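This is upload_39.cif (mmCIF, C-alpha atoms and all ligand atoms).
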```cif
data_entry
#
loop_
_atom_site.label_atom_id
_atom_site.label_comp_id
_atom_site.auth_asym_id
_atom_site.auth_seq_id
_atom_site.Cartn_x
_atom_site.Cartn_y
_atom_site.Cartn_z
CA MET P 1 53.42 174.75 -24.12
CA LYS P 2 56.04 176.14 -21.78
CA GLN P 3 58.55 173.51 -20.68
CA ILE P 4 60.93 173.23 -17.76
CA PRO P 5 64.01 171.80 -19.51
CA ILE P 6 65.33 169.83 -16.51
CA LEU P 7 62.03 167.90 -16.29
CA GLY P 8 62.05 166.73 -19.90
CA GLU P 9 58.83 166.61 -21.87
CA LEU P 10 55.67 167.40 -19.91
CA LYS P 11 52.53 165.77 -21.28
CA ARG P 12 49.22 167.64 -21.29
CA GLY P 13 46.66 166.29 -18.87
CA SER P 14 49.10 164.24 -16.81
CA THR P 15 50.84 164.06 -13.45
CA GLN P 16 54.47 162.96 -13.80
CA ARG P 17 57.00 162.02 -11.15
CA HIS P 18 60.62 163.06 -11.63
CA MET P 19 63.82 162.33 -9.72
CA ILE P 20 66.02 165.36 -10.28
CA LYS P 21 69.78 165.69 -9.96
CA LEU P 22 70.40 169.41 -9.54
CA PRO P 23 73.42 170.67 -11.48
CA GLY P 24 76.36 171.97 -9.41
CA ALA P 25 79.77 170.51 -8.61
CA VAL P 26 79.12 170.13 -4.86
CA LEU P 27 75.60 168.77 -5.48
CA ALA P 28 76.88 165.93 -7.68
CA LYS P 29 76.70 163.29 -4.94
CA ASP P 30 73.24 164.33 -3.69
CA GLU P 31 70.42 161.86 -3.70
CA PRO P 32 67.97 162.91 -6.46
CA ARG P 33 65.18 165.23 -5.36
CA PRO P 34 61.57 164.20 -6.02
CA VAL P 35 59.66 166.69 -8.19
CA ILE P 36 56.10 166.30 -9.44
CA SER P 37 54.65 168.07 -12.47
CA VAL P 38 50.88 168.39 -12.84
CA THR P 39 50.33 169.50 -16.43
CA GLY P 40 46.84 170.69 -17.13
CA ALA P 41 44.83 169.54 -20.12
CA LYS P 42 44.50 173.22 -21.07
CA PRO P 43 47.34 175.70 -21.55
CA GLY P 44 47.98 178.32 -18.88
CA PRO P 45 50.60 179.68 -16.54
CA VAL P 46 53.40 177.69 -14.91
CA LEU P 47 53.31 177.82 -11.11
CA PHE P 48 56.35 176.52 -9.23
CA VAL P 49 55.87 175.53 -5.58
CA ASN P 50 58.52 174.16 -3.26
CA ALA P 51 58.98 173.54 0.44
CA GLY P 52 61.95 172.33 2.45
CA VAL P 53 64.29 175.27 1.94
CA HIS P 54 64.31 174.60 5.69
CA GLY P 55 64.20 170.83 6.18
CA GLY P 56 62.33 170.82 9.52
CA GLU P 57 59.22 172.68 8.38
CA TYR P 58 57.02 169.62 7.97
CA PRO P 59 53.49 170.98 7.34
CA ALA P 60 54.88 172.91 4.34
CA ILE P 61 56.54 169.77 3.00
CA GLU P 62 53.35 167.75 3.53
CA ALA P 63 51.26 170.43 1.78
CA VAL P 64 53.40 170.04 -1.37
CA ILE P 65 53.05 166.24 -1.21
CA ARG P 66 49.25 166.54 -0.79
CA LEU P 67 48.96 168.91 -3.74
CA SER P 68 50.87 166.47 -5.92
CA ARG P 69 48.44 163.68 -5.04
CA THR P 70 45.23 165.66 -5.29
CA LEU P 71 45.47 168.22 -8.11
CA ASP P 72 43.61 166.81 -11.10
CA PRO P 73 45.48 167.63 -14.35
CA GLU P 74 42.24 167.24 -16.32
CA LYS P 75 40.78 170.17 -14.40
CA ILE P 76 43.53 172.74 -14.44
CA SER P 77 44.90 175.20 -16.97
CA GLY P 78 48.65 175.44 -17.05
CA THR P 79 51.26 173.52 -15.11
CA VAL P 80 52.03 173.18 -11.41
CA VAL P 81 55.55 172.02 -10.61
CA LEU P 82 56.01 170.76 -7.06
CA MET P 83 59.22 170.09 -5.12
CA PRO P 84 58.50 168.82 -1.59
CA VAL P 85 62.02 169.27 -0.18
CA LEU P 86 64.87 171.41 -1.48
CA SER P 87 67.30 170.96 1.43
CA LEU P 88 67.29 167.17 1.68
CA PRO P 89 70.42 167.15 3.90
CA ALA P 90 68.54 169.24 6.51
CA PHE P 91 65.40 167.10 6.17
CA ARG P 92 67.28 163.82 6.62
CA THR P 93 69.14 165.07 9.71
CA ARG P 94 66.26 167.11 11.23
CA THR P 95 68.45 170.21 11.22
CA PRO P 96 66.69 173.54 11.82
CA PHE P 97 67.48 176.83 10.03
CA VAL P 98 70.63 175.77 8.18
CA CYS P 99 71.77 173.15 5.74
CA PRO P 100 74.10 170.87 7.74
CA VAL P 101 76.52 170.44 4.82
CA ASP P 102 77.82 174.00 5.17
CA ASN P 103 75.89 175.39 8.17
CA VAL P 104 74.43 178.11 5.96
CA ASN P 105 70.78 179.23 6.02
CA PRO P 106 69.80 178.70 2.36
CA ASN P 107 67.15 181.41 2.64
CA ARG P 108 69.86 184.03 3.19
CA VAL P 109 71.93 183.26 0.08
CA PHE P 110 69.40 183.48 -2.76
CA PRO P 111 69.79 183.74 -5.75
CA GLY P 112 72.83 181.61 -4.96
CA ASP P 113 76.11 181.22 -6.78
CA PRO P 114 77.12 178.35 -9.11
CA ASN P 115 80.69 178.64 -7.78
CA GLY P 116 79.78 179.12 -4.12
CA GLY P 117 79.31 176.67 -1.26
CA TYR P 118 76.67 173.95 -1.02
CA SER P 119 73.71 176.17 -0.09
CA GLU P 120 74.66 178.74 -2.71
CA GLN P 121 74.86 176.12 -5.46
CA MET P 122 71.58 174.58 -4.29
CA THR P 123 69.68 177.89 -4.30
CA HIS P 124 71.28 178.86 -7.61
CA ALA P 125 70.07 175.60 -9.15
CA LEU P 126 66.56 176.13 -7.78
CA ILE P 127 66.31 179.59 -9.34
CA LYS P 128 67.97 178.65 -12.63
CA GLU P 129 66.28 175.30 -13.27
CA PHE P 130 62.81 176.02 -11.87
CA VAL P 131 61.90 179.54 -10.73
CA VAL P 132 62.89 181.46 -13.86
CA HIS P 133 60.83 179.07 -16.04
CA ALA P 134 57.70 179.80 -14.00
CA ASP P 135 55.14 182.58 -14.25
CA ALA P 136 54.73 182.61 -10.46
CA TYR P 137 56.57 181.10 -7.50
CA ILE P 138 55.45 180.03 -4.03
CA ASP P 139 57.99 179.02 -1.37
CA LEU P 140 56.25 177.24 1.52
CA HIS P 141 57.68 177.49 5.03
CA GLY P 142 56.61 177.35 8.67
CA GLY P 143 58.13 177.82 12.06
CA ASP P 144 61.28 175.73 12.22
CA ILE P 145 61.76 172.94 14.81
CA PRO P 146 62.10 175.35 17.80
CA GLU P 147 59.59 177.95 16.52
CA ALA P 148 55.85 178.55 16.73
CA LEU P 149 54.12 180.98 14.43
CA VAL P 150 50.86 182.46 13.25
CA PRO P 151 50.29 181.92 9.51
CA PHE P 152 51.54 184.78 7.32
CA VAL P 153 52.74 185.51 3.79
CA ILE P 154 55.77 187.60 2.84
CA CYS P 155 56.45 189.31 -0.45
CA ARG P 156 58.65 192.08 -1.72
CA SER P 157 57.30 195.59 -1.35
CA GLU P 158 57.28 198.08 -4.18
CA ALA P 159 60.59 199.88 -4.47
CA GLY P 160 59.10 203.37 -4.38
CA VAL P 161 57.96 206.07 -6.75
CA ALA P 162 61.18 206.52 -8.74
CA ALA P 163 60.42 206.73 -12.44
CA THR P 164 63.41 204.81 -13.76
CA GLU P 165 62.66 201.75 -15.88
CA PRO P 166 64.30 199.14 -13.61
CA VAL P 167 62.33 200.45 -10.62
CA LYS P 168 59.10 200.41 -12.65
CA ALA P 169 59.75 196.79 -13.63
CA VAL P 170 60.46 195.79 -10.02
CA ASN P 171 57.32 197.60 -8.90
CA LYS P 172 55.22 195.73 -11.43
CA VAL P 173 56.51 192.38 -10.17
CA ALA P 174 56.08 193.54 -6.56
CA ALA P 175 52.48 194.54 -7.25
CA LYS P 176 51.76 191.14 -8.81
CA SER P 177 53.48 189.40 -5.89
CA ARG P 178 51.28 191.32 -3.49
CA GLU P 179 48.18 190.20 -5.40
CA LEU P 180 49.29 186.58 -5.01
CA ALA P 181 50.02 187.17 -1.31
CA MET P 182 46.53 188.59 -0.77
CA ALA P 183 44.97 185.71 -2.74
CA PHE P 184 46.75 183.08 -0.59
CA GLY P 185 44.33 183.95 2.21
CA LEU P 186 46.32 184.12 5.45
CA PRO P 187 45.62 186.56 8.30
CA TYR P 188 48.78 188.63 7.72
CA VAL P 189 50.60 189.82 4.62
CA LEU P 190 54.04 191.29 5.24
CA THR P 191 55.61 193.37 2.50
CA VAL P 192 59.34 193.98 2.92
CA SER P 193 61.85 196.02 0.94
CA LYS P 194 65.10 194.53 2.23
CA PRO P 195 66.31 191.37 4.00
CA VAL P 196 65.44 191.33 7.71
CA GLN P 197 68.86 189.96 8.62
CA PRO P 198 72.07 191.24 7.05
CA ALA P 199 73.29 188.40 4.85
CA LYS P 200 75.26 187.58 1.75
CA GLY P 201 72.12 187.21 -0.34
CA SER P 202 68.40 187.50 0.00
CA SER P 203 65.39 185.25 0.45
CA SER P 204 63.72 183.11 -2.20
CA TYR P 205 60.78 185.44 -2.90
CA ALA P 206 62.99 188.55 -3.15
CA ALA P 207 65.48 186.86 -5.49
CA ALA P 208 62.65 185.57 -7.69
CA ALA P 209 61.08 189.05 -7.86
CA GLU P 210 64.45 190.53 -8.88
CA LYS P 211 64.44 188.06 -11.77
CA GLY P 212 60.99 189.26 -12.79
CA ILE P 213 59.00 186.34 -11.34
CA PRO P 214 56.11 187.27 -9.01
CA ALA P 215 56.78 185.35 -5.81
CA ILE P 216 55.59 184.84 -2.26
CA LEU P 217 56.76 182.96 0.82
CA ALA P 218 53.95 181.53 2.96
CA GLU P 219 54.38 180.20 6.50
CA ALA P 220 52.19 177.98 8.67
CA GLY P 221 52.78 175.39 11.39
CA GLY P 222 56.00 174.76 13.28
CA VAL P 223 57.67 173.29 16.36
CA GLY P 224 58.83 170.25 14.41
CA GLN P 225 55.34 168.78 14.22
CA MET P 226 52.77 167.95 11.58
CA GLN P 227 49.82 170.19 12.40
CA GLU P 228 46.92 169.12 10.21
CA ASN P 229 45.38 172.59 10.17
CA ALA P 230 48.67 174.09 8.96
CA VAL P 231 48.92 171.54 6.15
CA GLU P 232 45.36 172.41 5.11
CA THR P 233 46.02 176.14 5.39
CA LEU P 234 49.03 175.96 3.08
CA THR P 235 47.35 173.58 0.63
CA ARG P 236 44.28 175.80 0.42
CA GLY P 237 46.52 178.85 -0.02
CA VAL P 238 48.20 177.37 -3.10
CA ILE P 239 44.77 176.50 -4.57
CA ASN P 240 43.62 180.07 -3.86
CA VAL P 241 46.64 181.42 -5.75
CA MET P 242 45.93 179.03 -8.63
CA GLY P 243 42.45 180.55 -8.73
CA SER P 244 43.82 184.07 -8.90
CA LEU P 245 46.11 182.96 -11.77
CA LYS P 246 43.05 181.56 -13.59
CA MET P 247 44.44 178.04 -13.54
CA LEU P 248 41.18 176.54 -12.27
CA ASP P 249 38.87 177.32 -15.18
CA ALA P 250 39.54 174.33 -17.40
CA LYS P 251 36.67 173.12 -19.54
CA GLY P 252 34.99 169.96 -18.30
CA GLY P 253 35.06 170.90 -14.66
CA ARG P 254 36.35 173.45 -12.30
CA GLU P 255 38.98 172.59 -9.76
CA THR P 256 38.00 173.94 -6.38
CA THR P 257 39.29 173.86 -2.86
CA ALA P 258 36.35 171.60 -2.01
CA ASN P 259 37.30 169.13 -4.77
CA VAL P 260 40.89 169.02 -3.63
CA GLU P 261 39.88 168.63 0.00
CA ALA P 262 37.48 165.81 -0.88
CA ARG P 263 40.23 163.94 -2.72
CA MET P 264 42.61 164.58 0.15
CA SER P 265 40.25 163.01 2.64
CA ASN P 266 40.27 159.89 0.46
CA ASP P 267 44.03 159.76 0.20
CA GLU P 268 45.44 156.95 2.32
CA THR P 269 48.56 158.90 3.22
CA ARG P 270 46.51 161.60 4.88
CA SER P 271 47.37 162.12 8.51
CA LYS P 272 44.54 161.23 10.86
CA SER P 273 45.86 163.45 13.63
CA LYS P 274 43.31 165.60 15.39
CA ASP P 275 43.64 169.36 15.57
CA SER P 276 44.23 170.86 18.96
CA LYS P 277 41.85 173.59 20.12
CA LYS P 278 44.56 176.13 19.47
CA GLY P 279 45.02 174.65 16.00
CA GLN P 280 41.34 175.12 15.29
CA ALA P 281 41.60 178.72 16.42
CA LEU P 282 44.44 179.27 13.97
CA ALA P 283 42.50 177.56 11.19
CA ALA P 284 39.57 179.84 11.90
CA ALA P 285 41.90 182.82 11.82
CA THR P 286 43.14 181.80 8.36
CA ALA P 287 39.63 182.16 6.99
CA SER P 288 39.91 185.90 7.64
CA PRO P 289 38.77 187.55 4.39
CA THR P 290 40.97 190.64 4.47
CA PRO P 291 44.54 190.10 5.57
CA THR P 292 46.18 192.72 7.75
CA ILE P 293 49.05 194.33 5.84
CA LEU P 294 52.27 194.65 7.79
CA THR P 295 55.15 196.66 6.40
CA ARG P 296 57.86 196.21 8.99
CA PHE P 297 59.35 193.04 10.48
CA GLU P 298 61.31 193.57 13.70
CA TRP P 299 63.34 190.63 15.06
CA LEU P 300 64.23 190.47 18.76
CA TYR P 301 67.36 188.81 20.13
CA THR P 302 68.62 187.97 23.62
CA LYS P 303 72.00 189.32 24.71
CA ASN P 304 72.58 186.37 27.03
CA ALA P 305 72.65 182.63 26.57
CA GLY P 306 70.39 180.77 28.97
CA MET P 307 66.79 179.75 29.59
CA TRP P 308 64.07 181.66 27.69
CA TYR P 309 60.71 182.26 29.36
CA PRO P 310 58.33 184.03 26.96
CA ASN P 311 55.06 185.28 28.46
CA ILE P 312 53.38 185.83 25.11
CA ALA P 313 52.37 183.41 22.33
CA ALA P 314 52.64 183.52 18.55
CA GLY P 315 49.78 185.64 17.23
CA ASP P 316 49.60 187.88 20.34
CA SER P 317 49.59 191.64 20.01
CA VAL P 318 52.31 193.40 21.97
CA LYS P 319 52.71 197.02 23.06
CA LYS P 320 55.84 199.15 23.09
CA GLY P 321 57.46 198.88 26.53
CA GLN P 322 55.59 195.67 27.46
CA GLN P 323 57.68 192.99 29.15
CA ILE P 324 57.24 189.96 26.93
CA GLY P 325 59.57 187.50 28.62
CA THR P 326 62.78 186.96 30.51
CA VAL P 327 66.05 185.11 29.97
CA GLY P 328 67.54 183.44 33.04
CA ASP P 329 70.70 181.57 33.89
CA LEU P 330 70.88 177.98 35.08
CA PHE P 331 70.60 179.10 38.74
CA GLY P 332 67.20 180.60 37.90
CA ASP P 333 68.39 184.21 38.23
CA VAL P 334 66.96 186.65 35.69
CA LEU P 335 69.68 187.89 33.34
CA GLU P 336 67.54 189.99 31.09
CA LYS P 337 63.99 191.26 30.77
CA ILE P 338 62.79 191.24 27.19
CA ILE P 339 60.81 194.40 26.39
CA SER P 340 58.86 194.97 23.19
CA PRO P 341 60.38 197.93 21.32
CA LEU P 342 57.14 198.64 19.45
CA ASN P 343 53.45 197.90 18.93
CA GLY P 344 52.84 194.92 16.72
CA VAL P 345 51.90 191.27 16.42
CA VAL P 346 54.18 188.33 17.25
CA LEU P 347 54.45 186.46 13.94
CA PHE P 348 56.95 183.85 15.09
CA LEU P 349 58.31 182.90 18.48
CA THR P 350 61.19 180.71 19.64
CA ILE P 351 59.53 178.29 22.05
CA ASN P 352 62.59 176.15 22.76
CA PRO P 353 63.86 177.25 26.21
CA SER P 354 67.57 177.00 25.40
CA VAL P 355 68.82 180.20 23.78
CA LEU P 356 72.29 181.28 22.74
CA GLU P 357 73.98 184.65 23.09
CA ASN P 358 72.43 186.96 20.47
CA GLY P 359 69.86 184.21 19.93
CA LEU P 360 66.71 184.95 17.97
CA LEU P 361 63.61 185.16 20.18
CA MET P 362 60.79 186.34 17.93
CA GLY P 363 59.69 188.35 14.93
CA ILE P 364 57.17 191.15 15.39
CA GLY P 365 55.17 192.43 12.43
CA VAL P 366 54.18 196.09 12.43
CA GLU P 367 51.38 197.75 10.47
ZN ZN P 401 61.61 178.39 6.78
#
```

structure tokens encoding of this file:
Amino acid sequence: MKQIPILGELKRGSTQRHMIKLPGAVLAKDEPRPVISVTGAKPGPVLFVNAGVHGGEYPAIEAVIRLSRTLDPEKISGTVVLMPVLSLPAFRTRTPFVCPVDNVNPNRVFPGDPNGGYSEQMTHALIKEFVVHADAYIDLHGGDIPEALVPFVICRSEAGVAATEPVKAVNKVAAKSRELAMAFGLPYVLTVSKPVQPAKGSSSYAAAAEKGIPAILAEAGGVGQMQENAVETLTRGVINVMGSLKMLDAKGGRETTANVEARMSNDETRSKSKDSKKGQALAAATASPTPTILTRFEWLYTKNAGMWYPNIAAGDSVKKGQQIGTVGDLFGDVLEKIISPLNGVVLFLTINPSVLENGLLMGIGVE
């Protein structure tokens, strides 16, 4: 059976809790990170799932916790390794986007650097100790504390038609990643070839794919809240991927979404919060059988600092030339009209009214 050395021995047919000290000089004083391994009674692939690369994306974090409490090791083939929160410093301090130790967005410095700053050592440890030992990798996210979004999955696109061996290998991993993205079952699948923001490194899913591990990043929920429908969407998505990896066909019973959901509803930690009407609409949208494939991700920024007044919502379609909001100053004068540069769908939207100069307003996905 495949092992993940940092977790020690994993026993067939058991769920084990681990408290992990990630290696790295600047990580030495960190509190240990909880990790849960669910090792199936039958052999099969290793799936690694984490959340909390951004510490304020709570439905993603809760989805990982729920999976750890509800997956039945007797009914799965292979091993699911679950880390609820990577960036514990951001989680503890409710810091959006960056890790407060070094003010770096960890999802821009993958695959990290063992001799770099805090976020680089943390992402390096995640890749080295977990991702490369897996057969597939899912990084769960959502809108961060000031962001709303419509659920979507990102994966690396195929590099092109070049016949060289490295490109062929990347394409094979990209094709597998896309299969996992489609299996997750969200309304939109975005395939990207390069980072959307210029940065020192790349994002989790891209770095994993470069190392030969099929990987996706799935997003649901946001605005610093615990939306029940988003938790369920992400939990169901991971189960769907497990199905596509044939991890649910253990003898003696078949793990299904319905089984997991039934156990979840019996779990005392389950949130009793009611979905909003909008939440229900999003949940309905996630049942969409064929995701829309988007191949371009355009991010819009404001030139001016001030008050942001969007007149669209996450999930809305926008047309090229459409005015989609304004930025005003603190006298109420309009400083800037925000115009959509293309036709697409608003995948995420900054809903916090205070924006900085060159502040991120939204991401538009384009078919
Ligand atoms: Zn995130």

For the contact check between chain P and ligand ZN 401 (chain P), emit one row per residue of chain P within 7 Å, containing the shortest atom pair and the distance in Å rounded to one decimal, counting all atoms listed in the file, chain then rising number order, as CSV.
```
residue,atom,partner,partner_atom,distance
P:Val53,CA,P:ZN401,ZN,6.4
P:His54,CA,P:ZN401,ZN,4.8
P:Glu57,CA,P:ZN401,ZN,6.4
P:Phe97,CA,P:ZN401,ZN,6.9
P:His141,CA,P:ZN401,ZN,4.4
P:Gly142,CA,P:ZN401,ZN,5.4
P:Gly143,CA,P:ZN401,ZN,6.3
P:Asp144,CA,P:ZN401,ZN,6.1
```

Exercise for the section: Select, from P:Met1, P:Met122, P:Val223, P:Leu294, the residue with the minimum atom-to-atom distance to Arg178 in chain P, counting all atoms listed in the file. Expected result: P:Leu294

Handout entry: Among the residues P:Gln3, P:Thr39, P:Thr93, P:Asn105, the one that comes closest to Lys75 in chain P [using all atoms listed in the file]
Key =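 Counting all atoms listed in the file, the residue closest to Lys75 in chain P is P:Thr39.
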
Practice task
May I ask which of the residues P:Arg94, P:Arg17, P:Arg33, P:Arg69 is the closest one to Gly55 in chain P, counting only C-alpha atoms?
Solution key: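 Closest to Gly55 in chain P of all the choices is P:Arg94.
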
Give me, as a Markdown table, the closest atom pair and its distance (Å, one decimal) for every residue of range 65-162 of chain P within a cut-off of 8 Å of range 236-247 of chain P, counting all atoms listed in the file, rows sorted by chain and rising number.
```
| residue | atom | partner | partner_atom | distance |
| --- | --- | --- | --- | --- |
| P:Ile76 | CA | P:Met247 | CA | 5.5 |
| P:Ser77 | CA | P:Met247 | CA | 4.5 |
| P:Gly78 | CA | P:Met247 | CA | 6.1 |
| P:Ile138 | CA | P:Val238 | CA | 7.8 |
```
